[in-house]
$ cat data-v4.cif   # mmCIF, C-alpha atoms
data_my_file
#
loop_
_atom_site.group_PDB
_atom_site.id
_atom_site.type_symbol
_atom_site.label_atom_id
_atom_site.label_comp_id
_atom_site.auth_asym_id
_atom_site.auth_seq_id
_atom_site.Cartn_x
_atom_site.Cartn_y
_atom_site.Cartn_z
ATOM 1 C CA MET W 30 0.000 0.000 0.000
ATOM 2 C CA GLU W 31 1.354 3.440 -0.974
ATOM 3 C CA LEU W 32 2.222 5.959 1.767
ATOM 4 C CA HIS W 33 -0.601 8.351 0.816
ATOM 5 C CA ASP W 34 -3.137 5.534 1.017
ATOM 6 C CA ARG W 35 -1.841 4.454 4.436
ATOM 7 C CA VAL W 36 -1.912 8.035 5.749
ATOM 8 C CA ARG W 37 -5.412 8.635 4.308
ATOM 9 C CA GLU W 38 -6.715 5.418 5.905
ATOM 10 C CA PHE W 39 -5.054 6.294 9.248
ATOM 11 C CA MET W 40 -6.553 9.794 9.223
ATOM 12 C CA GLN W 41 -9.994 8.503 8.201
ATOM 13 C CA ARG W 42 -10.025 5.891 10.980
ATOM 14 C CA THR W 43 -8.842 8.479 13.529
ATOM 15 C CA LEU W 44 -11.521 10.983 12.476
ATOM 16 C CA ASP W 45 -14.196 8.259 12.541
ATOM 17 C CA ALA W 46 -13.116 7.288 16.071
ATOM 18 C CA MET W 47 -13.424 10.975 17.066
ATOM 19 C CA GLY W 48 -16.918 11.092 15.593
ATOM 20 C CA VAL W 49 -15.915 13.758 13.064
ATOM 21 C CA PRO W 50 -17.234 12.807 9.575
ATOM 22 C CA LEU W 51 -14.676 14.530 7.333
ATOM 23 C CA THR W 52 -13.206 13.681 3.940
ATOM 24 C CA VAL W 53 -9.407 13.353 3.727
ATOM 25 C CA THR W 54 -7.511 14.504 0.627
ATOM 26 C CA ILE W 55 -3.727 14.427 0.306
ATOM 27 C CA GLN W 56 -1.632 16.543 -2.034
ATOM 28 C CA GLU W 57 2.137 16.830 -2.501
ATOM 29 C CA THR W 58 3.585 20.341 -2.383
ATOM 30 C CA ALA W 59 7.170 21.538 -2.778
ATOM 31 C CA ASP W 60 7.731 21.794 0.988
ATOM 32 C CA ASN W 61 5.416 19.217 2.509
ATOM 33 C CA VAL W 62 2.538 16.800 2.155
ATOM 34 C CA ALA W 63 -0.748 18.676 2.608
ATOM 35 C CA ILE W 64 -3.642 16.802 4.215
ATOM 36 C CA GLU W 65 -6.910 18.674 3.724
ATOM 37 C CA LEU W 66 -9.928 17.757 5.840
ATOM 38 C CA SER W 67 -13.308 18.863 4.499
ATOM 39 C CA GLY W 68 -16.992 18.405 5.252
ATOM 40 C CA ASP W 69 -19.548 19.190 7.925
ATOM 41 C CA GLY W 70 -18.205 19.036 11.450
ATOM 42 C CA GLY W 71 -14.771 20.490 10.719
ATOM 43 C CA GLU W 72 -15.343 23.284 13.212
ATOM 44 C CA GLN W 73 -14.993 20.665 15.979
ATOM 45 C CA LEU W 74 -11.280 20.457 15.137
ATOM 46 C CA LEU W 75 -10.917 24.247 15.248
ATOM 47 C CA ARG W 76 -12.248 24.810 18.760
ATOM 48 C CA ARG W 77 -9.895 26.031 21.476
ATOM 49 C CA ARG W 78 -7.416 27.548 19.035
ATOM 50 C CA ALA W 79 -7.415 24.396 16.868
ATOM 51 C CA GLU W 80 -5.788 22.188 19.497
ATOM 52 C CA ALA W 81 -7.343 19.067 17.928
ATOM 53 C CA LEU W 82 -6.033 20.026 14.473
ATOM 54 C CA ASP W 83 -2.542 20.573 15.904
ATOM 55 C CA ALA W 84 -2.763 17.249 17.729
ATOM 56 C CA LEU W 85 -3.748 15.417 14.529
ATOM 57 C CA GLN W 86 -0.828 17.012 12.691
ATOM 58 C CA HIS W 87 1.557 15.998 15.473
ATOM 59 C CA ILE W 88 0.235 12.415 15.494
ATOM 60 C CA VAL W 89 0.444 11.928 11.724
ATOM 61 C CA ASN W 90 3.986 13.367 11.664
ATOM 62 C CA THR W 91 5.053 11.111 14.533
ATOM 63 C CA ALA W 92 3.593 8.062 12.788
ATOM 64 C CA PHE W 93 4.661 8.678 9.173
ATOM 65 C CA ARG W 94 7.336 11.406 8.870
ATOM 66 C CA ARG W 95 10.214 8.935 8.709
ATOM 67 C CA HIS W 96 8.751 7.728 5.394
ATOM 68 C CA LEU W 97 9.230 11.182 3.802
ATOM 69 C CA SER W 98 12.475 12.318 2.199
ATOM 70 C CA GLY W 99 14.546 15.205 3.542
ATOM 71 C CA ASP W 100 13.017 17.594 6.050
ATOM 72 C CA ARG W 101 9.506 17.357 4.598
ATOM 73 C CA SER W 102 6.548 16.899 6.890
ATOM 74 C CA PHE W 103 2.766 16.549 6.902
ATOM 75 C CA VAL W 104 0.601 19.652 7.276
ATOM 76 C CA VAL W 105 -3.003 19.033 8.298
ATOM 77 C CA ASP W 106 -5.550 21.750 7.475
ATOM 78 C CA CYS W 107 -9.312 22.037 7.841
ATOM 79 C CA MET W 108 -11.524 24.730 6.288
ATOM 80 C CA ASP W 109 -8.324 26.659 5.313
ATOM 81 C CA TYR W 110 -7.743 27.454 9.003
ATOM 82 C CA ARG W 111 -4.025 26.651 8.932
ATOM 83 C CA LYS W 112 -3.494 28.465 5.636
ATOM 84 C CA ALA W 113 -4.978 31.661 7.120
ATOM 85 C CA LYS W 114 -3.087 31.286 10.419
ATOM 86 C CA ASP W 115 0.191 30.610 8.577
ATOM 87 C CA ALA W 116 -0.246 33.768 6.485
ATOM 88 C CA GLU W 117 -1.019 35.749 9.648
ATOM 89 C CA LEU W 118 2.072 34.375 11.406
ATOM 90 C CA VAL W 119 4.381 35.126 8.460
ATOM 91 C CA GLN W 120 2.948 38.663 8.270
ATOM 92 C CA MET W 121 3.631 39.148 11.995
ATOM 93 C CA ALA W 122 7.155 37.765 11.585
ATOM 94 C CA ARG W 123 7.818 40.264 8.767
ATOM 95 C CA PHE W 124 6.538 43.081 10.979
ATOM 96 C CA MET W 125 8.909 41.990 13.765
ATOM 97 C CA MET W 126 11.745 41.738 11.213
ATOM 98 C CA GLU W 127 11.174 45.382 10.245
ATOM 99 C CA ARG W 128 11.100 46.373 13.930
ATOM 100 C CA ALA W 129 14.395 44.548 14.508
ATOM 101 C CA LYS W 130 15.966 46.413 11.576
ATOM 102 C CA SER W 131 14.634 49.854 12.521
ATOM 103 C CA SER W 132 15.310 49.618 16.258
ATOM 104 C CA GLY W 133 18.391 47.392 16.197
ATOM 105 C CA ALA W 134 16.931 45.530 19.181
ATOM 106 C CA PRO W 135 16.156 41.790 19.080
ATOM 107 C CA GLN W 136 12.438 40.982 18.735
ATOM 108 C CA GLU W 137 10.657 38.017 20.328
ATOM 109 C CA VAL W 138 7.932 35.956 18.666
ATOM 110 C CA GLY W 139 6.177 33.251 20.594
ATOM 111 C CA PRO W 140 5.881 30.955 22.366
ATOM 112 C CA LEU W 141 5.383 28.832 19.255
ATOM 113 C CA ASN W 142 5.113 25.138 18.439
ATOM 114 C CA PRO W 143 7.743 23.559 16.125
ATOM 115 C CA TYR W 144 5.645 24.022 12.977
ATOM 116 C CA ALA W 145 5.050 27.745 13.654
ATOM 117 C CA ARG W 146 8.712 28.305 14.591
ATOM 118 C CA ARG W 147 9.766 26.799 11.266
ATOM 119 C CA LEU W 148 7.547 29.271 9.404
ATOM 120 C CA VAL W 149 9.124 32.199 11.276
ATOM 121 C CA HIS W 150 12.674 30.906 10.692
ATOM 122 C CA LEU W 151 11.955 30.504 6.953
ATOM 123 C CA ALA W 152 10.592 34.068 6.742
ATOM 124 C CA VAL W 153 13.663 35.463 8.528
ATOM 125 C CA ALA W 154 16.010 33.417 6.299
ATOM 126 C CA GLU W 155 14.751 35.422 3.309
ATOM 127 C CA ASP W 156 16.484 38.548 4.688
ATOM 128 C CA PRO W 157 20.301 38.400 4.724
ATOM 129 C CA GLN W 158 20.501 41.206 7.325
ATOM 130 C CA LEU W 159 18.664 39.179 9.976
ATOM 131 C CA SER W 160 19.053 35.938 11.870
ATOM 132 C CA SER W 161 16.737 33.949 14.118
ATOM 133 C CA GLU W 162 17.095 31.430 16.893
ATOM 134 C CA SER W 163 14.734 29.450 19.089
ATOM 135 C CA ILE W 164 15.117 29.678 22.841
ATOM 136 C CA GLY W 165 13.434 27.658 25.556
ATOM 137 C CA ASP W 166 13.520 24.065 26.673
ATOM 138 C CA ALA W 167 9.918 22.967 26.213
ATOM 139 C CA PHE W 168 7.672 22.064 23.263
ATOM 140 C CA LEU W 169 6.701 25.729 22.934
ATOM 141 C CA LYS W 170 9.704 27.980 22.356
ATOM 142 C CA THR W 171 10.273 31.648 21.557
ATOM 143 C CA VAL W 172 11.970 32.797 18.353
ATOM 144 C CA ILE W 173 14.389 35.721 18.664
ATOM 145 C CA ILE W 174 14.825 37.814 15.500
ATOM 146 C CA SER W 175 17.951 39.967 15.483
ATOM 147 C CA LEU W 176 20.391 41.767 13.210
ATOM 148 C CA ARG W 177 23.200 39.611 11.876
ATOM 149 C CA ARG W 178 26.560 40.408 13.425
#
$ encode --input "data-v4.cif" --output "structure tokens"
Amino acid sequence: MELHDRVREFMQRTLDAMGVPLTVTIQETADNVAIELSGDGGEQLLRRRAEALDALQHIVNTAFRRHLSGDRSFVVDCMDYRKAKDAELVQMARFMMERAKSSGAPQEVGPLNPYARRLVHLAVAEDPQLSSESIGDAFLKTVIISLRR
């Protein structure tokens, strides 16, 4: 059985066990494997700041990420929630990047989960004048954006 079929079946069985009747579609992108959940009842996954959606993404990455090449991962989205939140986070990171440049002072973003931190680090990497680092010793860490020395 192909990886996508195994992941789709795993997600479908997990959603069925949760009592959330959603359809699972999987699409390859340049950076990751996108898992889109659609149908009535999706708002159940988006309650409490989408904790259930984040948990599903964490579970599917823990179970199947080793089968992907390079540093690719699975991104689980429902009703375009993650797409909108990702765009919002990148916009905030760019704002903090401009503040770091204009003030010269390091700027903090977070605390963020690993997926969100990666988005911030990728945004900062686009600007050769800036660098970023994660600090903290828990699952949620803060990203510091500062001028390159």
$ atom_distance --input "data-v4.cif" --atom1 "CA of Asp60 (chain W)" --atom2 "CA of Arg147 (chain W)"
11.6 Å
$ atom_distance --input "data-v4.cif" --atom1 "CA of Asn90 (chain W)" --atom2 "CA of Val36 (chain W)"
9.9 Å
$ atom_distance --input "data-v4.cif" --atom1 "CA of Ser102 (chain W)" --atom2 "CA of Gln158 (chain W)"
28.0 Å
$ residues_near_point --input "data-v4.cif" --point "(16.0, 36.8, 10.3)" --cutoff "7 Å" --atoms "all atoms listed in the file" --output "PyMOL selection string"
chain W and resi 126+150+153-154+156+158-161+174-175
$ resolve_selection --input "data-v4.cif" --expression "the PyMOL selection byres ((chain W and resi 61-70) around 10)" --output "VMD selection string"
chain W and resid 33 36 to 37 40 to 41 44 48 to 60 71 to 75 82 86 89 94 97 to 98 100 to 109 111
$ axis_aligned_box --input "data-v4.cif" --around "region 44-57 of chain W" --padding-each-side "4 Å" --output "JSON"
{"center_x": -7.5, "center_y": 12.1, "center_z": 7.3, "size_x": 27.4, "size_y": 17.5, "size_z": 27.6}
$ resolve_selection --input "data-v4.cif" --expression "the PyMOL selection byres ((chain W and resi 133-143) around 8)" --output "PDB file with C-alpha atoms, in the frame of the given file"
ATOM      1  CA  ALA W 122       7.155  37.765  11.585  1.00  0.00           C
ATOM      2  CA  MET W 125       8.909  41.990  13.765  1.00  0.00           C
ATOM      3  CA  MET W 126      11.745  41.738  11.213  1.00  0.00           C
ATOM      4  CA  ARG W 128      11.100  46.373  13.930  1.00  0.00           C
ATOM      5  CA  ALA W 129      14.395  44.548  14.508  1.00  0.00           C
ATOM      6  CA  LYS W 130      15.966  46.413  11.576  1.00  0.00           C
ATOM      7  CA  SER W 131      14.634  49.854  12.521  1.00  0.00           C
ATOM      8  CA  SER W 132      15.310  49.618  16.258  1.00  0.00           C
ATOM      9  CA  TYR W 144       5.645  24.022  12.977  1.00  0.00           C
ATOM     10  CA  ALA W 145       5.050  27.745  13.654  1.00  0.00           C
ATOM     11  CA  ARG W 146       8.712  28.305  14.591  1.00  0.00           C
ATOM     12  CA  ARG W 147       9.766  26.799  11.266  1.00  0.00           C
ATOM     13  CA  PHE W 168       7.672  22.064  23.263  1.00  0.00           C
ATOM     14  CA  LEU W 169       6.701  25.729  22.934  1.00  0.00           C
ATOM     15  CA  LYS W 170       9.704  27.980  22.356  1.00  0.00           C
ATOM     16  CA  THR W 171      10.273  31.648  21.557  1.00  0.00           C
ATOM     17  CA  VAL W 172      11.970  32.797  18.353  1.00  0.00           C
ATOM     18  CA  ILE W 173      14.389  35.721  18.664  1.00  0.00           C
ATOM     19  CA  ILE W 174      14.825  37.814  15.500  1.00  0.00           C
ATOM     20  CA  SER W 175      17.951  39.967  15.483  1.00  0.00           C
ATOM     21  CA  LEU W 176      20.391  41.767  13.210  1.00  0.00           C
TER      22      LEU W 176
END
